[in-house]
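Quick notes on the structure that follows.
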Amino acid sequence: MNNRLLLGLGLAIVLSGCSSTKNLHSVAVPEGSEVAVSIPAKKGEMSEDEIRAWPHADLKTDSIPGMSLEKAYEFLSDKKGTTVILGVIDSGIDKDHEDLKDNIWTNTDEIAGNGKDDDNNGYVDDVHGWNFLGGKGESTPEQLEVTRIYKMLGAKYEGKTRDDMNASEMDGFNYYQKVKKDYEKRIKDVNDKVDESNQKREYLQKLNMYITDAHNTASEKLNKTDYNLDELKSIDEFEGTSVLVKILETGETPDIVLSQIKFEMDYEKRKLDYYSPQAETMYNPDFNGRVTGDDAYDIKDVPYGNGFTVGSLEDEMHGTHVTGIAMATRNNGTGMNGVAQNVKLLSVRSVPDGDEYDKDVALAIRYAVDNGAKVVNMSFGKSYSPNAEWVYDAIKYAASKDVLLVHAAGNDHKNIDKSDNFPTDAPDKVNEIADNVITIGAMTRNYNEDLVASFSNYGKLNVDLFAPGLEIYSTIPKNEYKSIQGTSMAAPEVAGVACLIRSYYPELSASQVKHILMNSGTKVDLEVKLPGGEGEMVPFSDLSVSGRVLNAYNALKMADSMVNGNK
């Protein structure tokens with residue numbers, strides 16, 4: 001057989017394969033079952049191990065509304081998957097974490113540390129991803145977008161009235177007034193919380209000192225620390241006796257009260273640690289955290305950043321936590337199991353401690369796409385986007401390359417059919433610019449009226465699916481683990497399942513995977529508390545497009561039926 005014939009046969013096989021895949025892309029995603037699971041919520045206390053594993057549970061067998069992950073892996077047990085690259089656009093990620101280090105993407109065309117752009121992609125030494133925030137191990141505090149816009153527009157409109165505006169300036173002036181009102185309300189709320197916590201801490205510190213001194217005096221006089229009320233009354237009164245009497249009369253002891261005071265003081269300190277930086281950086285018009293030397297408002301001002309994607313191991317845990325949820329090494333006897341196997345992490349550091357810049361988001365999406373990611377997790381968001389068109393173009397670029405973007409809906413307990421939430425694939429909140437973005441709300445382990453996380457955003461048009469997002473145990477830097485919450489945690493649960501589908505059924509398109517995830521979810525027929533609704537009850541089906549919660553087993557079965565005709 002000659003070489004020309006061999007080449008012809010090979011080309012025919014390749015073309016046949018491409019045609020088959022293309023034909024599969026035209027196959028409609030089946031409608032999901034309309035039968036809701038009717039089962040009572042799990043009763044009784046759950047163990048710590050059960051709570052840590054709840055997102056992977058099965059509703060029918062465990063009475064916990066998890067994603068049926070173990071059942072999904074049983075379904076995959078006789079199947080072979082291919083490696084999928086997961087792009088994670090987030091804060092820094094600890095690539096050396098014991099539960100992540102075996103699943104790190106490496107750019108084999110780049111020579112580490114030689115200071116050259118070996119693969120000519122515009123990024124020097126991008127061995128494991130790219131850091132659009134710059135720095136090498138430092139945290140990146142940043143303003144919120146509302147602060148940036150307030151300052152930028154204030155330079156033109158502050159001190160002016162409508163009478164000073166001509167017709168062409170009126171829209172900008174009105175927008176500035178809206179932004180100013182929002183900014184001033186937010187900064188007032190933050191400052192009020194800082195002042196309130198400072199006052200409470202000062203009061204608690206004085207009370208702690210007063211009770212401690214009194215308790216020490218009484219203990220000295222009685223030569224014991226566990227005295228009772230009668231013993232206290234048997235000695236001469238001193239400053240603080242009346243307070244100790246009140247404590248003992250309630251059945252408490254000074255030590256217990258002091259421990260309660262310490263707990264309250266620690267709580268107020270945590271509040272201060274949360275709100276003070278917001279006042280100092282996020283809402284400070286004069287703060288500038290950008291260290292990359294580029295113009296954040298010029299999309300063509302590139303390159304910038306570096307290949308150090310880890311960020312600060314001390315101050316940044318969000319990206320590491322998100323990544324572990326999706327793809328921590330499974331069944332290695334360490335830590336926890338991620339959702340997906342056969343996956344490699346491509347890390348793109350673009351999310352600071354504040355609001356991300358549109359330029360960074362747009363370029364991060366493009367970087368992940370150009371380096372082979374088939375799924376990209378985006379657990380971030382904001383309420384203003386001055387250069388949203390750059391992100392829209394990046395979303396459409398990802399769609400053209402068949403890449404699925406998984407986006408967290410946000411934690412403001414708002415209806416994002418009405419409130420702005422960026423990035424978005426629907427600029428008018430109705431019509432999508434592409435069909436490769438899936439937006440995820442957060443749910444709890446309670447299959448009852450408390451199913452929806454109280455903080456989660458929702459929207460009949462703009463939230464596609466709900467997934468576990470409360471009490472989510474995952475990796476954090478330095479080989480540690482922690483349970484935290486947010487739609488940021490729900491999105492990578494979905495991204496992980498998307499990676500499984502794309503690993504075992506690579507013939508399916510990003511759009512098909514999106515609709516498989518939505519249509520295969522568990523149908524929920526419950527009245528639930530509306531997030532932010534102060535107890536108002538609504539049908540769960542009113543809170544998202546699908547009215548469903550993530551189900552990995554159903555998703556893989558649906559994908560299999562589309563590719564192999566199995567039911």
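Residues in the structure tokens are named by chain (A, B, ... in the order shown) and by number from 1 within that chain; ligands are numbered from 1 in the order shown.
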
**Prompt:** Which polymer residues have any atom within 10 Å of an atom of A:Lys396, counting only C-alpha atoms, with same-chain residues fewer than 5 positions away left out, as a PyMOL selection string?
**Reply:** chain A and resi 391+401-403+425+433-437

**Item:** Proximity to A:Gly307 - best of A:Glu449, A:Asp99, A:Asp428, A:Asp126, only C-alpha atoms
**Value:**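 Of A:Glu449, A:Asp99, A:Asp428, A:Asp126, the one nearest A:Gly307, counting only C-alpha atoms, is A:Asp126.
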
**Within 12 Å of stretch 291-299 of chain A using only C-alpha atoms, minus same-chain residues under 6 positions, as a ChimeraX atom specification** = /A:131-136,138-142,148-149,152,305-306,350,352,356-364,385-391,393-394

Resulting file, chosen residues, C-alpha atoms, as an mmCIF file, in the first residue's frame:
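In the end it all went to part.cif:
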```cif
data_model
loop_
_atom_site.group_PDB
_atom_site.id
_atom_site.type_symbol
_atom_site.label_atom_id
_atom_site.label_comp_id
_atom_site.auth_asym_id
_atom_site.auth_seq_id
_atom_site.Cartn_x
_atom_site.Cartn_y
_atom_site.Cartn_z
ATOM 1 C CA ASN A 131 -1.117 36.467 36.747
ATOM 2 C CA PHE A 132 -2.879 39.571 35.401
ATOM 3 C CA LEU A 133 -2.672 41.236 38.829
ATOM 4 C CA GLY A 134 1.118 41.274 39.002
ATOM 5 C CA GLY A 135 3.281 40.924 42.074
ATOM 6 C CA LYS A 136 5.008 37.792 43.318
ATOM 7 C CA GLU A 138 1.782 39.873 47.617
ATOM 8 C CA SER A 139 -1.934 40.347 48.212
ATOM 9 C CA THR A 140 -3.799 42.713 45.887
ATOM 10 C CA PRO A 141 -6.282 45.015 47.638
ATOM 11 C CA GLU A 142 -8.332 47.015 45.164
ATOM 12 C CA ARG A 148 -13.624 54.001 40.491
ATOM 13 C CA ILE A 149 -16.605 55.301 38.535
ATOM 14 C CA MET A 152 -13.760 59.224 37.428
ATOM 15 C CA GLY A 305 1.478 40.758 34.695
ATOM 16 C CA ASN A 306 3.633 37.663 35.140
ATOM 17 C CA SER A 350 -7.339 38.139 37.804
ATOM 18 C CA PRO A 352 -8.183 41.062 43.535
ATOM 19 C CA GLU A 356 -11.839 42.915 39.102
ATOM 20 C CA TYR A 357 -11.125 45.149 36.090
ATOM 21 C CA ASP A 358 -13.043 44.364 32.889
ATOM 22 C CA LYS A 359 -9.765 44.336 30.985
ATOM 23 C CA ASP A 360 -8.343 41.610 33.228
ATOM 24 C CA VAL A 361 -11.507 39.511 32.963
ATOM 25 C CA ALA A 362 -11.675 39.781 29.167
ATOM 26 C CA LEU A 363 -8.016 38.901 28.697
ATOM 27 C CA ALA A 364 -8.224 36.118 31.298
ATOM 28 C CA SER A 385 -18.908 47.188 34.382
ATOM 29 C CA PRO A 386 -17.651 50.290 32.530
ATOM 30 C CA ASN A 387 -15.975 48.258 29.773
ATOM 31 C CA ALA A 388 -18.446 45.402 29.569
ATOM 32 C CA GLU A 389 -18.105 45.242 25.783
ATOM 33 C CA TRP A 390 -14.587 43.791 26.189
ATOM 34 C CA VAL A 391 -16.012 40.974 28.278
ATOM 35 C CA ASP A 393 -16.391 40.012 23.051
ATOM 36 C CA ALA A 394 -14.392 37.549 25.153
#
```

**Request:** Kindly indicate which residue among A:Val127, A:Leu508, A:Val339, A:Leu517 lies nearest to A:Ile440, using only C-alpha atoms for the distances.
**Result:**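 Using only C-alpha atoms, the shortest distance to A:Ile440 belongs to A:Leu517.
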
**Request:** Do a neighbour search on A:Asn551 at 8 Å with only C-alpha atoms, toss out local chain neighbours closer than 2 positions, and write the hits as a PyMOL selection string.
**Result:** chain A and resi 66-69+517+520-522+549+553-555

Using 9 Å as the limit and counting only C-alpha atoms, can you tabulate each residue of stretch 432-546 of chain A that touches stretch 47-51 of chain A, with its shortest atom-to-atom distance in Å and the two atoms involved, as CSV?
```
residue,atom,partner,partner_atom,distance
A:Arg445,CA,A:Ile51,CA,8.3
A:Glu471,CA,A:Ile51,CA,7.3
A:Ile472,CA,A:Ile51,CA,8.3
A:Tyr473,CA,A:Ile51,CA,8.5
```

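Atom CA of A:Val302 is found 20.3 Å from atom CA of A:Gly113.
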
**Neighbour list for stretch 84-90 of chain A as an NGL selection string, cut-off 6 Å, only C-alpha atoms, skip fewer than 4 positions in-chain** = :A and (319 or 343-351 or 368 or 373-378 or 503)

Go ahead and write the residues just picked, N, CA and C atoms, as a PDB file, in the first residue's frame.
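Written output follows (selection.pdb):
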```pdb
ATOM      1  N   GLY A 319      -9.332  31.382  45.604  1.00  0.00           N
ATOM      2  CA  GLY A 319      -9.046  30.602  44.403  1.00  0.00           C
ATOM      3  C   GLY A 319      -8.689  29.159  44.694  1.00  0.00           C
ATOM      4  N   VAL A 343      -8.696  15.874  34.976  1.00  0.00           N
ATOM      5  CA  VAL A 343      -8.742  17.319  34.760  1.00  0.00           C
ATOM      6  C   VAL A 343      -7.420  17.947  35.181  1.00  0.00           C
ATOM      7  N   LYS A 344      -7.018  18.992  34.453  1.00  0.00           N
ATOM      8  CA  LYS A 344      -5.810  19.754  34.757  1.00  0.00           C
ATOM      9  C   LYS A 344      -6.191  21.214  34.993  1.00  0.00           C
ATOM     10  N   LEU A 345      -5.565  21.816  35.999  1.00  0.00           N
ATOM     11  CA  LEU A 345      -5.854  23.210  36.359  1.00  0.00           C
ATOM     12  C   LEU A 345      -4.991  24.178  35.572  1.00  0.00           C
ATOM     13  N   LEU A 346      -5.650  25.095  34.874  1.00  0.00           N
ATOM     14  CA  LEU A 346      -4.993  26.245  34.263  1.00  0.00           C
ATOM     15  C   LEU A 346      -5.393  27.457  35.100  1.00  0.00           C
ATOM     16  N   SER A 347      -4.437  28.031  35.802  1.00  0.00           N
ATOM     17  CA  SER A 347      -4.718  29.089  36.770  1.00  0.00           C
ATOM     18  C   SER A 347      -4.549  30.469  36.138  1.00  0.00           C
ATOM     19  N   VAL A 348      -5.578  31.313  36.269  1.00  0.00           N
ATOM     20  CA  VAL A 348      -5.513  32.674  35.755  1.00  0.00           C
ATOM     21  C   VAL A 348      -5.880  33.627  36.894  1.00  0.00           C
ATOM     22  N   ARG A 349      -4.871  34.290  37.442  1.00  0.00           N
ATOM     23  CA  ARG A 349      -5.086  35.180  38.591  1.00  0.00           C
ATOM     24  C   ARG A 349      -5.513  36.561  38.093  1.00  0.00           C
ATOM     25  N   SER A 350      -6.790  36.881  38.309  1.00  0.00           N
ATOM     26  CA  SER A 350      -7.339  38.139  37.804  1.00  0.00           C
ATOM     27  C   SER A 350      -8.292  38.799  38.779  1.00  0.00           C
ATOM     28  N   VAL A 351      -8.526  38.173  39.933  1.00  0.00           N
ATOM     29  CA  VAL A 351      -9.542  38.671  40.866  1.00  0.00           C
ATOM     30  C   VAL A 351      -8.853  39.171  42.141  1.00  0.00           C
ATOM     31  N   ALA A 368      -7.343  31.700  28.870  1.00  0.00           N
ATOM     32  CA  ALA A 368      -7.757  30.327  29.192  1.00  0.00           C
ATOM     33  C   ALA A 368      -8.196  29.580  27.940  1.00  0.00           C
ATOM     34  N   ALA A 373      -8.349  25.436  27.618  1.00  0.00           N
ATOM     35  CA  ALA A 373      -9.429  25.168  28.568  1.00  0.00           C
ATOM     36  C   ALA A 373     -10.719  24.872  27.815  1.00  0.00           C
ATOM     37  N   LYS A 374     -11.437  23.840  28.250  1.00  0.00           N
ATOM     38  CA  LYS A 374     -12.760  23.530  27.682  1.00  0.00           C
ATOM     39  C   LYS A 374     -13.877  23.960  28.619  1.00  0.00           C
ATOM     40  N   VAL A 375     -13.513  24.178  29.885  1.00  0.00           N
ATOM     41  CA  VAL A 375     -14.446  24.727  30.884  1.00  0.00           C
ATOM     42  C   VAL A 375     -13.678  25.795  31.651  1.00  0.00           C
ATOM     43  N   VAL A 376     -14.341  26.926  31.928  1.00  0.00           N
ATOM     44  CA  VAL A 376     -13.711  28.003  32.693  1.00  0.00           C
ATOM     45  C   VAL A 376     -14.641  28.377  33.845  1.00  0.00           C
ATOM     46  N   ASN A 377     -14.107  28.316  35.067  1.00  0.00           N
ATOM     47  CA  ASN A 377     -14.891  28.721  36.236  1.00  0.00           C
ATOM     48  C   ASN A 377     -14.632  30.189  36.557  1.00  0.00           C
ATOM     49  N   MET A 378     -15.724  30.925  36.823  1.00  0.00           N
ATOM     50  CA  MET A 378     -15.633  32.360  37.098  1.00  0.00           C
ATOM     51  C   MET A 378     -16.447  32.684  38.353  1.00  0.00           C
ATOM     52  N   SER A 503     -14.992  15.264  29.516  1.00  0.00           N
ATOM     53  CA  SER A 503     -13.973  14.215  29.530  1.00  0.00           C
ATOM     54  C   SER A 503     -14.497  12.921  28.903  1.00  0.00           C
TER      55      SER A 503
END
```
